[in-house]
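With mmCIF, C-alpha atoms inside, this is upload-v9.cif:
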```cif
data_coords
#
loop_
_atom_site.group_PDB
_atom_site.id
_atom_site.type_symbol
_atom_site.label_atom_id
_atom_site.label_comp_id
_atom_site.auth_asym_id
_atom_site.auth_seq_id
_atom_site.Cartn_x
_atom_site.Cartn_y
_atom_site.Cartn_z
ATOM 1 C CA MET A 220 -13.029 163.577 18.269
ATOM 2 C CA ARG A 221 -10.479 163.866 21.048
ATOM 3 C CA PRO A 222 -10.965 166.705 23.553
ATOM 4 C CA ALA A 223 -8.836 169.794 23.053
ATOM 5 C CA ALA A 224 -5.693 169.844 25.178
ATOM 6 C CA ALA A 225 -5.236 172.570 27.754
ATOM 7 C CA GLY A 226 -4.233 175.801 26.044
ATOM 8 C CA PHE A 227 -5.448 174.629 22.627
ATOM 9 C CA VAL A 228 -8.588 175.661 20.792
ATOM 10 C CA GLU A 229 -10.736 173.100 19.011
ATOM 11 C CA GLY A 230 -10.095 173.337 15.279
ATOM 12 C CA MET A 231 -6.379 174.082 15.599
ATOM 13 C CA ASP A 232 -4.164 171.237 14.479
ATOM 14 C CA ARG A 233 -0.966 172.507 15.954
ATOM 15 C CA VAL A 234 0.463 175.559 17.722
ATOM 16 C CA LEU A 235 4.072 176.704 18.035
ATOM 17 C CA ILE A 236 4.950 179.564 20.390
ATOM 18 C CA ASN A 237 8.464 180.885 19.946
ATOM 19 C CA GLY A 238 9.136 177.740 17.942
ATOM 20 C CA ARG A 239 8.063 175.326 20.675
ATOM 21 C CA PRO A 240 4.889 173.201 20.833
ATOM 22 C CA GLY A 241 2.867 173.531 24.005
ATOM 23 C CA HIS A 242 4.673 176.659 25.156
ATOM 24 C CA CYS A 243 2.641 179.480 26.765
ATOM 25 C CA ILE A 244 2.193 183.171 26.029
ATOM 26 C CA SER A 245 2.973 185.540 28.873
ATOM 27 C CA PRO A 246 -0.091 187.280 30.346
ATOM 28 C CA LEU A 247 2.009 190.466 30.074
ATOM 29 C CA ASP A 248 2.327 190.181 26.291
ATOM 30 C CA ARG A 249 1.704 193.530 24.573
ATOM 31 C CA GLY A 250 -0.239 191.764 21.847
ATOM 32 C CA LEU A 251 -2.868 190.887 24.479
ATOM 33 C CA HIS A 252 -2.829 194.294 26.167
ATOM 34 C CA PHE A 253 -2.624 196.634 23.186
ATOM 35 C CA GLY A 254 -2.948 194.671 19.949
ATOM 36 C CA ASP A 255 0.734 195.541 19.530
ATOM 37 C CA GLY A 256 1.663 193.164 16.758
ATOM 38 C CA LEU A 257 1.162 191.888 13.230
ATOM 39 C CA PHE A 258 -0.073 188.705 11.607
ATOM 40 C CA GLU A 259 -0.121 186.811 8.331
ATOM 41 C CA THR A 260 -2.698 184.268 7.159
ATOM 42 C CA ILE A 261 -0.981 181.808 4.834
ATOM 43 C CA ALA A 262 -2.876 179.355 2.649
ATOM 44 C CA CYS A 263 -1.142 175.977 2.296
ATOM 45 C CA ARG A 264 -1.986 173.391 -0.353
ATOM 46 C CA LYS A 265 -0.348 170.032 -1.088
ATOM 47 C CA GLY A 266 1.868 170.504 1.959
ATOM 48 C CA ARG A 267 3.322 173.803 0.719
ATOM 49 C CA PRO A 268 2.620 177.407 1.715
ATOM 50 C CA ARG A 269 1.435 179.753 -1.022
ATOM 51 C CA LEU A 270 3.408 182.942 -1.612
ATOM 52 C CA LEU A 271 5.358 182.537 1.621
ATOM 53 C CA SER A 272 8.141 184.932 0.633
ATOM 54 C CA LEU A 273 5.627 187.716 0.014
ATOM 55 C CA HIS A 274 3.956 187.103 3.380
ATOM 56 C CA LEU A 275 7.303 187.217 5.185
ATOM 57 C CA GLU A 276 8.348 190.320 3.261
ATOM 58 C CA ARG A 277 5.207 192.144 4.398
ATOM 59 C CA LEU A 278 5.716 190.939 7.975
ATOM 60 C CA VAL A 279 9.336 192.120 8.051
ATOM 61 C CA LEU A 280 8.353 195.510 6.648
ATOM 62 C CA GLY A 281 5.527 195.868 9.189
ATOM 63 C CA CYS A 282 7.828 194.977 12.088
ATOM 64 C CA ARG A 283 10.329 197.532 10.844
ATOM 65 C CA ARG A 284 7.630 200.215 10.693
ATOM 66 C CA LEU A 285 6.467 199.408 14.244
ATOM 67 C CA GLY A 286 9.951 198.892 15.667
ATOM 68 C CA ILE A 287 9.325 195.251 16.630
ATOM 69 C CA ARG A 288 12.395 193.012 16.878
ATOM 70 C CA MET A 289 11.184 189.878 15.115
ATOM 71 C CA SER A 290 13.108 186.611 14.798
ATOM 72 C CA ASP A 291 15.113 185.580 11.785
ATOM 73 C CA PRO A 292 12.602 185.350 8.891
ATOM 74 C CA ASP A 293 14.260 182.101 7.781
ATOM 75 C CA GLU A 294 13.351 180.515 11.117
ATOM 76 C CA LEU A 295 9.738 181.636 10.707
ATOM 77 C CA ARG A 296 9.806 180.227 7.171
ATOM 78 C CA ARG A 297 10.924 176.846 8.521
ATOM 79 C CA GLN A 298 8.154 176.864 11.113
ATOM 80 C CA VAL A 299 5.446 177.597 8.531
ATOM 81 C CA GLN A 300 6.814 174.953 6.171
ATOM 82 C CA ALA A 301 6.950 172.385 8.979
ATOM 83 C CA LEU A 302 3.331 173.052 9.942
ATOM 84 C CA ALA A 303 2.177 172.856 6.323
ATOM 85 C CA GLN A 304 4.082 169.825 5.132
ATOM 86 C CA ASP A 305 1.962 166.979 6.511
ATOM 87 C CA SER A 306 -1.430 168.405 5.492
ATOM 88 C CA ASP A 307 -2.962 168.488 2.023
ATOM 89 C CA ALA A 308 -4.798 171.726 2.768
ATOM 90 C CA SER A 309 -4.432 173.992 5.797
ATOM 91 C CA ILE A 310 -4.218 177.584 6.950
ATOM 92 C CA VAL A 311 -1.199 178.744 8.935
ATOM 93 C CA LYS A 312 -1.585 181.937 10.932
ATOM 94 C CA LEU A 313 1.679 183.599 11.896
ATOM 95 C CA ILE A 314 1.512 186.226 14.663
ATOM 96 C CA VAL A 315 4.350 188.444 15.863
ATOM 97 C CA THR A 316 3.847 190.698 18.892
ATOM 98 C CA ARG A 317 6.228 193.086 20.619
ATOM 99 C CA GLY A 318 6.461 190.570 23.447
ATOM 100 C CA PRO A 319 5.969 190.833 27.233
ATOM 101 C CA ALA A 320 5.766 194.284 28.782
ATOM 102 C CA PRO A 321 8.222 194.875 31.651
ATOM 103 C CA GLY A 322 5.696 197.179 33.322
ATOM 104 C CA ARG A 323 2.486 199.131 32.855
ATOM 105 C CA GLY A 324 2.055 201.827 30.206
ATOM 106 C CA TYR A 325 2.048 202.217 26.460
ATOM 107 C CA ALA A 326 5.753 202.967 26.011
ATOM 108 C CA PRO A 327 7.517 199.917 24.524
ATOM 109 C CA ALA A 328 10.709 198.603 26.076
ATOM 110 C CA ALA A 329 13.815 199.632 24.159
ATOM 111 C CA ALA A 330 15.057 196.084 23.594
ATOM 112 C CA GLY A 331 12.067 193.814 24.114
ATOM 113 C CA GLU A 332 12.015 190.340 22.590
ATOM 114 C CA ALA A 333 9.145 189.606 20.215
ATOM 115 C CA THR A 334 6.668 186.760 20.685
ATOM 116 C CA HIS A 335 6.083 184.513 17.665
ATOM 117 C CA VAL A 336 3.029 182.284 17.323
ATOM 118 C CA ALA A 337 2.378 179.897 14.440
ATOM 119 C CA ILE A 338 -0.996 178.126 14.337
ATOM 120 C CA ARG A 339 -2.176 175.549 11.821
ATOM 121 C CA TYR A 340 -5.911 175.378 11.163
ATOM 122 C CA PRO A 341 -7.722 172.888 8.947
ATOM 123 C CA TRP A 342 -8.818 174.266 5.600
ATOM 124 C CA PRO A 343 -12.404 175.527 6.005
ATOM 125 C CA GLU A 344 -15.261 173.935 4.147
ATOM 126 C CA GLU A 345 -15.959 175.961 1.026
ATOM 127 C CA ASP A 346 -18.797 176.444 -1.422
ATOM 128 C CA PRO A 347 -17.468 175.813 -4.967
ATOM 129 C CA ASP A 348 -20.123 178.195 -6.276
ATOM 130 C CA ALA A 349 -18.277 181.118 -4.680
ATOM 131 C CA ALA A 350 -15.487 181.083 -7.264
ATOM 132 C CA ARG A 351 -17.679 179.864 -10.117
ATOM 133 C CA ASN A 352 -20.864 181.917 -9.794
ATOM 134 C CA GLY A 353 -19.862 184.612 -7.317
ATOM 135 C CA VAL A 354 -20.917 185.720 -3.844
ATOM 136 C CA ARG A 355 -23.383 188.094 -2.207
ATOM 137 C CA VAL A 356 -21.827 191.187 -0.637
ATOM 138 C CA ARG A 357 -23.274 194.038 1.434
ATOM 139 C CA ILE A 358 -22.007 197.520 2.256
ATOM 140 C CA ALA A 359 -20.970 197.824 5.900
ATOM 141 C CA GLY A 360 -22.394 200.624 8.001
ATOM 142 C CA LEU A 361 -19.118 200.980 9.893
ATOM 143 C CA ARG A 362 -16.599 203.438 8.450
ATOM 144 C CA LEU A 363 -12.893 202.759 8.874
ATOM 145 C CA SER A 364 -10.714 205.257 10.711
ATOM 146 C CA GLU A 365 -7.933 206.788 8.629
ATOM 147 C CA ASN A 366 -4.366 206.624 9.915
ATOM 148 C CA PRO A 367 -1.584 206.623 7.293
ATOM 149 C CA LEU A 368 0.943 205.404 9.884
ATOM 150 C CA LEU A 369 -0.917 202.064 10.053
ATOM 151 C CA ALA A 370 -2.148 201.869 6.460
ATOM 152 C CA GLY A 371 -1.165 198.727 4.596
ATOM 153 C CA MET A 372 -0.090 196.723 7.639
ATOM 154 C CA LYS A 373 -1.928 193.654 8.870
ATOM 155 C CA HIS A 374 -1.773 194.642 12.522
ATOM 156 C CA THR A 375 -3.473 192.637 15.233
ATOM 157 C CA ASN A 376 -6.024 195.273 16.249
ATOM 158 C CA ARG A 377 -9.043 194.136 14.217
ATOM 159 C CA LEU A 378 -11.843 195.624 16.338
ATOM 160 C CA GLU A 379 -13.260 197.611 13.420
ATOM 161 C CA GLN A 380 -13.505 194.397 11.407
ATOM 162 C CA VAL A 381 -15.109 192.608 14.370
ATOM 163 C CA LEU A 382 -17.763 195.308 14.632
ATOM 164 C CA ALA A 383 -18.377 195.343 10.883
ATOM 165 C CA ARG A 384 -18.784 191.562 10.787
ATOM 166 C CA SER A 385 -21.326 191.715 13.626
ATOM 167 C CA GLU A 386 -23.680 193.786 11.465
ATOM 168 C CA TRP A 387 -25.307 190.761 9.806
ATOM 169 C CA GLN A 388 -26.136 187.122 10.491
ATOM 170 C CA ASP A 389 -27.411 186.022 7.064
ATOM 171 C CA PRO A 390 -25.177 183.083 5.989
ATOM 172 C CA GLN A 391 -25.941 183.845 2.340
ATOM 173 C CA ILE A 392 -23.904 187.066 2.583
ATOM 174 C CA ALA A 393 -20.228 186.236 2.240
ATOM 175 C CA GLU A 394 -18.603 189.614 2.827
ATOM 176 C CA ALA A 395 -19.117 193.347 3.373
ATOM 177 C CA LEU A 396 -17.315 196.224 1.720
ATOM 178 C CA LEU A 397 -15.847 198.949 3.904
ATOM 179 C CA PHE A 398 -15.570 202.660 3.212
ATOM 180 C CA SER A 399 -13.368 205.033 5.190
ATOM 181 C CA GLN A 400 -14.612 207.987 7.182
ATOM 182 C CA SER A 401 -13.811 210.271 4.246
ATOM 183 C CA GLY A 402 -15.993 208.186 1.921
ATOM 184 C CA ARG A 403 -13.311 206.167 0.128
ATOM 185 C CA LEU A 404 -13.816 202.510 -0.723
ATOM 186 C CA VAL A 405 -11.087 200.570 1.095
ATOM 187 C CA SER A 406 -11.642 196.807 1.097
ATOM 188 C CA GLY A 407 -13.805 193.998 2.367
ATOM 189 C CA ILE A 408 -13.670 192.901 5.984
ATOM 190 C CA MET A 409 -11.461 189.931 5.139
ATOM 191 C CA SER A 410 -10.567 190.777 1.552
ATOM 192 C CA ASN A 411 -9.353 193.348 -0.918
ATOM 193 C CA VAL A 412 -11.640 194.545 -3.681
ATOM 194 C CA PHE A 413 -11.207 195.218 -7.395
ATOM 195 C CA ILE A 414 -13.654 196.797 -9.802
ATOM 196 C CA VAL A 415 -13.786 196.939 -13.582
ATOM 197 C CA ARG A 416 -15.030 200.165 -15.102
ATOM 198 C CA ASN A 417 -14.805 201.120 -18.774
ATOM 199 C CA GLY A 418 -12.674 198.032 -19.300
ATOM 200 C CA GLN A 419 -10.045 199.156 -16.766
ATOM 201 C CA LEU A 420 -9.119 197.220 -13.645
ATOM 202 C CA ARG A 421 -9.030 199.369 -10.505
ATOM 203 C CA THR A 422 -8.391 198.742 -6.821
ATOM 204 C CA PRO A 423 -8.564 201.179 -3.894
ATOM 205 C CA ARG A 424 -5.380 202.945 -2.881
ATOM 206 C CA ILE A 425 -4.263 201.703 0.557
ATOM 207 C CA ASP A 426 -2.637 204.896 1.811
ATOM 208 C CA ARG A 427 -4.949 206.026 4.631
ATOM 209 C CA CYS A 428 -6.220 202.723 6.059
ATOM 210 C CA GLY A 429 -6.737 199.093 5.118
ATOM 211 C CA VAL A 430 -4.488 196.098 4.484
ATOM 212 C CA ALA A 431 -2.330 195.779 1.385
ATOM 213 C CA GLY A 432 -3.114 192.105 0.795
ATOM 214 C CA VAL A 433 -0.625 189.612 -0.608
ATOM 215 C CA MET A 434 -3.183 188.217 -3.054
ATOM 216 C CA ARG A 435 -4.055 191.763 -4.116
ATOM 217 C CA ARG A 436 -0.377 192.317 -4.896
ATOM 218 C CA VAL A 437 -0.143 189.109 -6.911
ATOM 219 C CA VAL A 438 -3.327 189.821 -8.876
ATOM 220 C CA MET A 439 -1.974 193.265 -9.777
ATOM 221 C CA ARG A 440 1.359 191.734 -10.787
ATOM 222 C CA GLU A 441 -0.171 189.020 -12.948
ATOM 223 C CA ALA A 442 -2.579 191.503 -14.535
ATOM 224 C CA ALA A 443 0.304 193.800 -15.482
ATOM 225 C CA ARG A 444 2.284 190.857 -16.911
ATOM 226 C CA ALA A 445 -0.726 189.957 -19.056
ATOM 227 C CA GLY A 446 -0.997 193.491 -20.388
ATOM 228 C CA ILE A 447 -4.117 194.352 -18.387
ATOM 229 C CA ASP A 448 -4.308 198.010 -17.370
ATOM 230 C CA VAL A 449 -4.544 198.017 -13.560
ATOM 231 C CA ARG A 450 -4.537 201.090 -11.352
ATOM 232 C CA GLU A 451 -4.581 201.919 -7.646
ATOM 233 C CA CYS A 452 -6.851 204.901 -7.195
ATOM 234 C CA THR A 453 -9.453 206.597 -5.020
ATOM 235 C CA ILE A 454 -12.836 204.915 -5.497
ATOM 236 C CA ARG A 455 -16.023 206.394 -4.089
ATOM 237 C CA ALA A 456 -19.563 205.034 -3.833
ATOM 238 C CA ALA A 457 -20.729 206.441 -7.171
ATOM 239 C CA GLU A 458 -17.896 204.731 -9.022
ATOM 240 C CA LEU A 459 -18.566 201.426 -7.251
ATOM 241 C CA GLU A 460 -22.221 201.658 -8.292
ATOM 242 C CA GLN A 461 -21.162 202.087 -11.923
ATOM 243 C CA ALA A 462 -18.709 199.173 -11.950
ATOM 244 C CA GLU A 463 -19.274 196.528 -14.609
ATOM 245 C CA GLU A 464 -17.469 193.837 -12.601
ATOM 246 C CA VAL A 465 -16.488 193.522 -8.946
ATOM 247 C CA PHE A 466 -14.354 190.814 -7.363
ATOM 248 C CA LEU A 467 -12.694 190.078 -4.020
ATOM 249 C CA THR A 468 -9.272 188.638 -3.222
ATOM 250 C CA ASN A 469 -7.450 187.178 -0.264
ATOM 251 C CA ALA A 470 -4.768 184.581 0.405
ATOM 252 C CA ARG A 471 -7.245 181.724 0.853
ATOM 253 C CA ILE A 472 -10.019 182.416 -1.662
ATOM 254 C CA GLY A 473 -7.924 183.671 -4.553
ATOM 255 C CA ILE A 474 -10.594 185.507 -6.556
ATOM 256 C CA TRP A 475 -14.304 185.554 -5.773
ATOM 257 C CA PRO A 476 -16.580 187.338 -8.257
ATOM 258 C CA VAL A 477 -19.347 189.445 -6.736
ATOM 259 C CA ARG A 478 -22.786 188.488 -8.081
ATOM 260 C CA VAL A 479 -24.926 190.574 -5.708
ATOM 261 C CA LEU A 480 -23.797 193.896 -4.253
ATOM 262 C CA GLY A 481 -26.431 195.300 -1.913
ATOM 263 C CA GLU A 482 -29.555 195.425 -4.088
ATOM 264 C CA ARG A 483 -27.658 195.247 -7.354
ATOM 265 C CA THR A 484 -27.110 192.067 -9.380
ATOM 266 C CA LEU A 485 -23.852 191.566 -11.245
ATOM 267 C CA ALA A 486 -22.344 188.742 -13.260
ATOM 268 C CA PRO A 487 -18.769 187.413 -13.274
ATOM 269 C CA GLY A 488 -17.347 189.348 -16.219
ATOM 270 C CA PRO A 489 -14.713 188.555 -18.840
ATOM 271 C CA LEU A 490 -11.856 190.329 -17.060
ATOM 272 C CA THR A 491 -12.633 188.575 -13.792
ATOM 273 C CA ARG A 492 -12.691 185.223 -15.591
ATOM 274 C CA ARG A 493 -9.415 185.972 -17.345
ATOM 275 C CA LEU A 494 -7.722 186.809 -14.065
ATOM 276 C CA GLN A 495 -9.109 183.680 -12.427
ATOM 277 C CA GLY A 496 -7.538 181.704 -15.245
ATOM 278 C CA LEU A 497 -4.194 183.433 -14.770
ATOM 279 C CA MET A 498 -4.260 182.829 -11.015
ATOM 280 C CA GLU A 499 -5.461 179.219 -10.982
ATOM 281 C CA PRO A 500 -2.060 177.542 -11.545
ATOM 282 C CA LEU A 501 -0.489 179.679 -8.804
ATOM 283 C CA LEU A 502 -3.181 178.592 -6.359
ATOM 284 C CA GLU A 503 -3.421 174.906 -7.193
ATOM 285 C CA GLU A 504 0.358 174.341 -7.411
ATOM 286 C CA PRO A 505 1.523 176.716 -4.693
ATOM 287 C CA VAL A 506 4.436 178.955 -5.618
ATOM 288 C CA ASP A 507 6.659 180.799 -3.169
ATOM 289 C CA ALA A 508 6.442 184.287 -4.663
#
```
Written form, structure tokens:
Amino acid sequence: MRPAAAGFVEGMDRVLINGRPGHCISPLDRGLHFGDGLFETIACRKGRPRLLSLHLERLVLGCRRLGIRMSDPDELRRQVQALAQDSDASIVKLIVTRGPAPGRGYAPAAAGEATHVAIRYPWPEEDPDAARNGVRVRIAGLRLSENPLLAGMKHTNRLEQVLARSEWQDPQIAEALLFSQSGRLVSGIMSNVFIVRNGQLRTPRIDRCGVAGVMRRVVMREAARAGIDVRECTIRAAELEQAEEVFLTNARIGIWPVRVLGERTLAPGPLTRRLQGLMEPLLEEPVDA
């Protein structure tokens, strides 16, 4: 294996900063100082990004909410497609920050230029049993702060997720579920969560905190198209404990059934299996939206 070049991290195949390979990020960038930015994690298979239009739509909306002047989305689309095209399976992370700060202080410059970073990672090694037989999940001790102004966005300040992930070292545990400070189920650390109760598909409302995931959106869309009753609602611990099925979603994994939740054993249920079947062609032959 060749040594990593200066400015590159081992495991990254390629990095574009403001569209240029080998360019550098300013040490004054507000993304470094304040976490003042957004990101998307885009799964790419057979040289094509999955659901790229939905990722860019969320990014554009987030930049609008934060007042970040991002580049033309079509240019970012071309960059992601270029990074994906010569790899059978990869992950492209797209980061947009508010850009360099002209001086100290939290106040953003009125007309600052955004920084755009696109990074291609190799597809991580996966356990095929995760999708087939399900994964072990714990309940995190950390409780997410509630701030409706940030709810739904995939902003770059992930310190709560970092702290939650540091709670365990057992490699057999794949994920942890997070509740908010008011006792609402929100998501996993790296995933969204769905439960099945009384035959109805439910997912936590993302109105106080959490990320409104692209795969979550697609699962809800495909469920509705198939005539499956799906609802966004408030879910508390008692309802989670009574769930007949639980599964996780994100852009890379698609759907993972939960087979162990804390001390409770579950089995991948019929609704989870049906949704996996509906999603499989969208994951294996990547579609744009």
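Reported to one decimal place, the separation of atom CA of Leu271 of chain A from atom CA of Met289 of chain A is 16.4 Å.
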Enumerate, as an NGL selection string, the residues matched when the PyMOL selection byres ((chain A and resi 408) around 7) is run on the file above. :A and (380 or 394-397 or 406-407 or 409-410)
Selected residue, from A:Ala337, A:Pro347, A:Pro246, A:Gln388, that lies nearest to Gln300 of chain A when counting all atoms listed in the file: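 Of A:Ala337, A:Pro347, A:Pro246, A:Gln388, the one nearest Gln300 of chain A is A:Ala337, counting all atoms listed in the file.
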Smallest atom-to-atom distance to Gln461 of chain A: which of A:Val279, A:Leu485, A:Leu502, A:Leu369, using all atoms listed in the file?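 Closest to Gln461 of chain A, using all atoms listed in the file: A:Leu485.
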Any chance you could resolve the PyMOL selection byres ((chain A and resi 374) around 6) against this file and give the residues as a VMD selection string? chain A and resid 256 to 257 372 to 373 375 to 376
Within 12 Å of segment 436-441 of chain A, counting only C-alpha atoms, which residues qualify if same-chain residues fewer than 6 places away don't, as an MDAnalysis selection string? chainID A and resid 269:270 272:274 277 371 411:413 420:425 430 447:451 466:470 473:474 490:491 493:502 506:508
Report the distance between atom CA of Ser245 of chain A and atom CA of Gly318 of chain A in Å, rounded to one decimal place. 8.2 Å
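Residues matched by the PyMOL selection byres ((chain A and resi 317) around 8) in this file are A:Asp248, A:Arg249, A:Gly250, A:Asp255, A:Gly256, A:Ile287, A:Arg288, A:Val315, A:Thr316, A:Gly318, A:Pro319, A:Pro327, A:Gly331, A:Glu332, A:Ala333, A:Thr334.
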Grab the atom CA of Ala329 of chain A to atom CA of Arg377 of chain A distance for me, in Å with one decimal place.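 Computing the Euclidean distance for atom CA of Ala329 of chain A and atom CA of Arg377 of chain A yields 25.5 Å.
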Just give me the residues with any atom within 7 Å of (-4.6, 208.1, 5.1), file coordinates, counting only C-alpha atoms, written as a PyMOL selection string. chain A and resi 365-367+370+426-428
Would you write out those residues with C-alpha atoms, as an mmCIF file, in the frame of the given file?
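Below is the file part.cif, written as the result:
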```cif
data_model
loop_
_atom_site.group_PDB
_atom_site.id
_atom_site.type_symbol
_atom_site.label_atom_id
_atom_site.label_comp_id
_atom_site.auth_asym_id
_atom_site.auth_seq_id
_atom_site.Cartn_x
_atom_site.Cartn_y
_atom_site.Cartn_z
ATOM 1 C CA GLU A 365 -7.933 206.788 8.629
ATOM 2 C CA ASN A 366 -4.366 206.624 9.915
ATOM 3 C CA PRO A 367 -1.584 206.623 7.293
ATOM 4 C CA ALA A 370 -2.148 201.869 6.460
ATOM 5 C CA ASP A 426 -2.637 204.896 1.811
ATOM 6 C CA ARG A 427 -4.949 206.026 4.631
ATOM 7 C CA CYS A 428 -6.220 202.723 6.059
#
```
For the interface of segment 377-457 of chain A with segment 353-362 of chain A (cut-off 10 Å, counting all atoms listed in the file), please tabulate each contacting residue of segment 377-457 of chain A alongside its nearest pair of atoms and their separation in Å to one decimal, rows sorted by chain and increasing number, as CSV.
```
residue,atom,partner,partner_atom,distance
A:Glu379,CA,A:Leu361,CA,7.6
A:Gln380,CA,A:Leu361,CA,8.8
A:Leu382,CA,A:Leu361,CA,7.5
A:Ala383,CA,A:Leu361,CA,5.8
A:Arg384,CA,A:Ala359,CA,8.2
A:Ser385,CA,A:Ala359,CA,9.9
A:Glu386,CA,A:Ala359,CA,7.4
A:Trp387,CA,A:Ala359,CA,9.2
A:Pro390,CA,A:Arg355,CA,9.8
A:Gln391,CA,A:Arg355,CA,6.7
A:Ile392,CA,A:Arg355,CA,4.9
A:Ala393,CA,A:Arg355,CA,5.8
A:Glu394,CA,A:Val356,CA,5.0
A:Ala395,CA,A:Arg357,CA,4.6
A:Leu396,CA,A:Ile358,CA,4.9
A:Leu397,CA,A:Ala359,CA,5.6
A:Phe398,CA,A:Arg362,CA,5.4
A:Ser399,CA,A:Arg362,CA,4.9
A:Gln400,CA,A:Arg362,CA,5.1
A:Ser401,CA,A:Arg362,CA,8.5
A:Gly402,CA,A:Arg362,CA,8.1
A:Arg403,CA,A:Arg362,CA,9.4
A:Leu404,CA,A:Arg362,CA,9.6
A:Val405,CA,A:Arg362,CA,9.6
A:Gly407,CA,A:Ala359,CA,8.9
A:Ile408,CA,A:Ala359,CA,8.8
A:Ala456,CA,A:Ile358,CA,10.0
```
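Residues within 9 Å of Leu302 of chain A, counting all atoms listed in the file and excluding same-chain residues fewer than 2 positions away, are Asp232, Arg233, Val234, Leu235, Gly266, Arg297, Gln298, Val299, Gln300, Gln304, Asp305, Ser306, Ser309, Val311, Ala337, Ile338 and Arg339 of chain A.
Minimum distance to Arg455 of chain A across A:Ile236, A:Phe258, A:Ile414, A:Glu344 (counting only C-alpha atoms) occurs at A:Ile414.
Shortest atom-to-atom contact with Arg284 of chain A among A:Gly241, A:Glu259, A:Arg435, A:Leu368: A:Leu368, counting all atoms listed in the file.
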Between A:Arg444, A:His252, A:Arg239, A:Arg416, which residue has the minimum interatomic distance to His335 of chain A, considering all atoms listed in the file?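 Closest to His335 of chain A, using all atoms listed in the file: A:Arg239.
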Just checking: using only C-alpha atoms, which residue out of A:Glu504, A:Val465, A:His242, A:Leu278 ends up closest to Asp307 of chain A?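 With only C-alpha atoms as the atom set, the closest residue is A:Glu504.
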My structure is short of atoms at segment 336-347 of chain A; please model N, CA and C atoms there, returning them as a PDB file, in the frame of the given file.
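Result file is result07.pdb:
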```
ATOM      1  N   VAL A 336       4.008 183.367  17.219  1.00  0.00           N
ATOM      2  CA  VAL A 336       3.029 182.284  17.323  1.00  0.00           C
ATOM      3  C   VAL A 336       2.702 181.797  15.918  1.00  0.00           C
ATOM      4  N   ALA A 337       2.765 180.503  15.716  1.00  0.00           N
ATOM      5  CA  ALA A 337       2.378 179.897  14.440  1.00  0.00           C
ATOM      6  C   ALA A 337       1.303 178.856  14.719  1.00  0.00           C
ATOM      7  N   ILE A 338       0.158 178.986  14.086  1.00  0.00           N
ATOM      8  CA  ILE A 338      -0.996 178.126  14.337  1.00  0.00           C
ATOM      9  C   ILE A 338      -1.438 177.509  13.016  1.00  0.00           C
ATOM     10  N   ARG A 339      -1.624 176.204  13.013  1.00  0.00           N
ATOM     11  CA  ARG A 339      -2.176 175.549  11.821  1.00  0.00           C
ATOM     12  C   ARG A 339      -3.644 175.212  12.057  1.00  0.00           C
ATOM     13  N   TYR A 340      -4.486 175.684  11.150  1.00  0.00           N
ATOM     14  CA  TYR A 340      -5.911 175.378  11.163  1.00  0.00           C
ATOM     15  C   TYR A 340      -6.242 174.466   9.985  1.00  0.00           C
ATOM     16  N   PRO A 341      -7.261 173.645  10.125  1.00  0.00           N
ATOM     17  CA  PRO A 341      -7.722 172.888   8.947  1.00  0.00           C
ATOM     18  C   PRO A 341      -8.326 173.835   7.920  1.00  0.00           C
ATOM     19  N   TRP A 342      -8.226 173.458   6.666  1.00  0.00           N
ATOM     20  CA  TRP A 342      -8.818 174.266   5.600  1.00  0.00           C
ATOM     21  C   TRP A 342     -10.331 174.292   5.773  1.00  0.00           C
ATOM     22  N   PRO A 343     -10.957 175.472   5.766  1.00  0.00           N
ATOM     23  CA  PRO A 343     -12.404 175.527   6.005  1.00  0.00           C
ATOM     24  C   PRO A 343     -13.200 174.939   4.848  1.00  0.00           C
ATOM     25  N   GLU A 344     -14.361 174.440   5.182  1.00  0.00           N
ATOM     26  CA  GLU A 344     -15.261 173.935   4.147  1.00  0.00           C
ATOM     27  C   GLU A 344     -15.702 175.090   3.262  1.00  0.00           C
ATOM     28  N   GLU A 345     -15.667 174.884   1.962  1.00  0.00           N
ATOM     29  CA  GLU A 345     -15.959 175.961   1.026  1.00  0.00           C
ATOM     30  C   GLU A 345     -17.074 175.588   0.067  1.00  0.00           C
ATOM     31  N   ASP A 346     -17.767 176.607  -0.415  1.00  0.00           N
ATOM     32  CA  ASP A 346     -18.797 176.444  -1.422  1.00  0.00           C
ATOM     33  C   ASP A 346     -18.155 176.659  -2.790  1.00  0.00           C
ATOM     34  N   PRO A 347     -18.103 175.640  -3.655  1.00  0.00           N
ATOM     35  CA  PRO A 347     -17.468 175.813  -4.967  1.00  0.00           C
ATOM     36  C   PRO A 347     -18.158 176.857  -5.824  1.00  0.00           C
TER      37      PRO A 347
END
```
